[in-house]
file target.pdb (PDB, C-alpha atoms)
ATOM      1  CA  MET A  20      12.185   1.158 -15.418
ATOM      2  CA  GLU A  21       9.928   1.259 -12.374
ATOM      3  CA  THR A  22       7.173  -1.303 -12.119
ATOM      4  CA  TYR A  23       3.644  -0.520 -11.031
ATOM      5  CA  GLN A  24       4.176  -2.420  -7.771
ATOM      6  CA  SER A  25       7.464  -0.667  -7.011
ATOM      7  CA  ILE A  26       5.740   2.732  -7.230
ATOM      8  CA  GLN A  27       3.079   1.474  -4.841
ATOM      9  CA  LEU A  28       5.617  -0.064  -2.473
ATOM     10  CA  ASP A  29       7.648   3.151  -2.495
ATOM     11  CA  ALA A  30       4.500   5.086  -1.596
ATOM     12  CA  LEU A  31       3.826   2.682   1.274
ATOM     13  CA  GLY A  32       7.395   3.018   2.527
ATOM     14  CA  ASP A  33       6.339   5.976   4.649
ATOM     15  CA  SER A  34       4.570   5.261   7.945
ATOM     16  CA  THR A  35       2.285   8.297   7.610
ATOM     17  CA  ARG A  36       1.069   7.145   4.201
ATOM     18  CA  ARG A  37       0.462   3.633   5.548
ATOM     19  CA  ALA A  38      -1.523   5.158   8.429
ATOM     20  CA  ILE A  39      -3.547   7.329   6.022
ATOM     21  CA  LEU A  40      -4.317   4.305   3.849
ATOM     22  CA  GLY A  41      -5.282   2.297   6.946
ATOM     23  CA  ARG A  42      -7.603   5.041   8.140
ATOM     24  CA  LEU A  43      -9.283   5.270   4.745
ATOM     25  CA  ALA A  44      -9.646   1.486   4.624
ATOM     26  CA  ARG A  45     -11.192   1.463   8.088
ATOM     27  CA  ASP A  46     -13.423   4.548   7.903
ATOM     28  CA  GLY A  47     -14.187   4.936   4.209
ATOM     29  CA  PRO A  48     -13.899   8.137   2.152
ATOM     30  CA  LEU A  49     -12.684  11.179   4.098
ATOM     31  CA  PRO A  50     -11.709  14.781   3.325
ATOM     32  CA  VAL A  51      -8.178  16.048   3.994
ATOM     33  CA  GLY A  52      -9.297  18.090   6.997
ATOM     34  CA  GLU A  53     -10.702  15.093   8.798
ATOM     35  CA  LEU A  54      -7.614  13.024   8.025
ATOM     36  CA  ALA A  55      -5.327  15.822   9.241
ATOM     37  CA  ARG A  56      -6.973  15.912  12.687
ATOM     38  CA  GLU A  57      -5.460  12.525  13.481
ATOM     39  CA  PHE A  58      -1.885  13.424  12.539
ATOM     40  CA  PRO A  59       0.643  15.824  14.070
ATOM     41  CA  MET A  60       1.098  17.704  10.800
ATOM     42  CA  SER A  61      -0.587  20.327   8.695
ATOM     43  CA  ARG A  62      -3.337  19.803   6.151
ATOM     44  CA  PRO A  63      -0.933  20.702   3.313
ATOM     45  CA  ALA A  64       1.431  17.959   4.520
ATOM     46  CA  ILE A  65      -1.428  15.431   4.532
ATOM     47  CA  SER A  66      -2.388  16.638   1.043
ATOM     48  CA  GLN A  67       1.164  15.953  -0.121
ATOM     49  CA  HIS A  68       0.986  12.398   1.251
ATOM     50  CA  LEU A  69      -2.376  11.912  -0.456
ATOM     51  CA  ARG A  70      -0.882  13.166  -3.733
ATOM     52  CA  ILE A  71       1.795  10.470  -3.528
ATOM     53  CA  LEU A  72      -0.782   7.787  -2.677
ATOM     54  CA  LYS A  73      -2.938   8.991  -5.554
ATOM     55  CA  ARG A  74       0.007   8.970  -7.984
ATOM     56  CA  ALA A  75       0.626   5.350  -6.909
ATOM     57  CA  ASN A  76      -3.063   4.686  -7.615
ATOM     58  CA  LEU A  77      -3.611   3.512  -4.024
ATOM     59  CA  VAL A  78      -6.272   6.148  -3.320
ATOM     60  CA  THR A  79      -8.832   7.944  -5.406
ATOM     61  CA  GLY A  80     -10.164  11.456  -4.966
ATOM     62  CA  ARG A  81     -13.545  12.812  -5.946
ATOM     63  CA  ALA A  82     -15.187  16.172  -5.584
ATOM     64  CA  ASP A  83     -17.913  16.455  -2.967
ATOM     65  CA  GLY A  84     -19.161  20.019  -3.033
ATOM     66  CA  THR A  85     -16.256  22.263  -2.093
ATOM     67  CA  ARG A  86     -14.073  19.489  -0.712
ATOM     68  CA  ARG A  87     -12.392  16.351  -2.022
ATOM     69  CA  LEU A  88     -13.058  12.948  -0.552
ATOM     70  CA  TYR A  89     -10.267  10.399  -0.664
ATOM     71  CA  ALA A  90     -10.861   6.651  -0.620
ATOM     72  CA  VAL A  91      -8.851   3.455  -0.954
ATOM     73  CA  ASN A  92      -8.627   2.115  -4.496
ATOM     74  CA  PRO A  93      -9.637  -1.556  -4.078
ATOM     75  CA  GLU A  94      -8.247  -2.551  -7.499
ATOM     76  CA  ALA A  95      -4.778  -1.306  -6.515
ATOM     77  CA  LEU A  96      -4.904  -3.212  -3.239
ATOM     78  CA  ALA A  97      -5.968  -6.334  -5.112
ATOM     79  CA  SER A  98      -3.001  -5.871  -7.442
ATOM     80  CA  LEU A  99      -0.643  -5.590  -4.469
ATOM     81  CA  ARG A 100      -2.199  -8.674  -2.909
ATOM     82  CA  THR A 101      -1.564 -10.632  -6.107
ATOM     83  CA  TYR A 102       2.031  -9.394  -6.162
ATOM     84  CA  PHE A 103       2.645 -10.494  -2.564
ATOM     85  CA  ASP A 104       0.888 -13.826  -3.083
ATOM     86  CA  ARG A 105       3.262 -14.560  -5.997
ATOM     87  CA  PHE A 106       6.244 -13.293  -4.017
ATOM     88  CA  TRP A 107       5.493 -15.549  -1.035
ATOM     89  CA  ALA A 108       4.661 -18.547  -3.236
ATOM     90  CA  GLN A 109       8.070 -18.218  -4.915
ATOM     91  CA  ALA A 110       9.866 -17.678  -1.601
ATOM     92  CA  LEU A 111       8.194 -20.685   0.017
ATOM     93  CA  ALA A 112       8.915 -22.886  -3.006
ATOM     94  CA  ALA A 113      12.594 -21.888  -2.867
ATOM     95  CA  PHE A 114      12.668 -22.595   0.874
ATOM     96  CA  LYS A 115      11.114 -26.030   0.307
ATOM     97  CA  ARG A 116      13.704 -26.863  -2.375
ATOM     98  CA  GLN A 117      16.510 -25.843  -0.036
ATOM     99  CA  VAL A 118      15.158 -27.904   2.866
ATOM    100  CA  GLU A 119      14.775 -30.929   0.598
ATOM    101  CA  ALA A 120      18.327 -30.479  -0.769
ATOM    102  CA  ASP A 121      19.718 -30.192   2.775
ATOM    103  CA  ALA A 122      17.814 -33.337   3.806
ATOM    104  CA  LYS A 123      19.292 -35.248   0.835
ATOM    105  CA  LYS A 124      22.818 -34.182   1.826
ATOM    106  CA  LYS A 125      22.316 -35.505   5.366
ATOM    107  CA  ARG A 126      21.314 -38.979   4.154
TER     108      ARG A 126
END
call {"tool": "encode", "arguments": {"input": "target.pdb", "output": "C-alpha cells"}}
result
Amino acid sequence: METYQSIQLDALGDSTRRAILGRLARDGPLPVGELAREFPMSRPAISQHLRILKRANLVTGRADGTRRLYAVNPEALASLRTYFDRFWAQALAAFKRQVEADAKKKR
C-alpha cells in the first residue's frame, strides 16, 4: 500500500516536476502555456507533469476564463515538511545513539 508521502515523493522524483513546483512556488499561479515557455518540451508534456503533481496533491488547478491556473498546494508542502522533520529527527536520534554506544566501547 502506497502512503500519501510516497506518492508525493515519487512525483518529485522527476527533475522537471521539481522545477515546475519551484517555479510555481516562486512566481505564484501560472497557466500551462507560461510554464511551458521555460522548458524544452511541449505544452502537452508540461500538462502531463502537472497532472502527476496534481494527482500527488502538490499543485491545485482552477479555471480562469478559458485557461487553467496551477498553484502550489501549501497544505501538501506542509505535510511533506512534517514527514521530513520526523524522518530527520529519527535519523539524528539513531546517529546520536550510535555515537554514544561507540564512545562507551572506547572507554
call {"tool": "resolve_selection", "arguments": {"input": "target.pdb", "expression": "the PyMOL selection byres ((chain A and resi 48-55) around 10)", "output": "VMD selection string"}}
result
chain A and resid 38 to 39 42 to 47 56 to 66 69 78 to 83 86 to 91
call {"tool": "resolve_selection", "arguments": {"input": "target.pdb", "expression": "the PyMOL selection byres ((chain A and resi 31) around 12)", "output": "PyMOL selection string"}}
result
chain A and resi 24-30+32-41+68-69+71-78+96+99
call {"tool": "atom_distance", "arguments": {"input": "target.pdb", "atom1": "atom CA of A:Phe106", "atom2": "atom CA of A:Arg70"}}
result
27.4 Å
call {"tool": "atom_distance", "arguments": {"input": "target.pdb", "atom1": "atom CA of A:Gln67", "atom2": "atom CA of A:Tyr102"}}
result
26.1 Å
call {"tool": "atom_distance", "arguments": {"input": "target.pdb", "atom1": "atom CA of A:Ser98", "atom2": "atom CA of A:Lys115"}}
result
25.8 Å
call {"tool": "axis_aligned_box", "arguments": {"input": "target.pdb", "around": "stretch 28-47 of chain A", "padding_each_side": "4 Å", "output": "JSON"}}
result
{"center_x": -3.3, "center_y": 4.1, "center_z": 3.0, "size_x": 29.8, "size_y": 16.4, "size_z": 18.9}
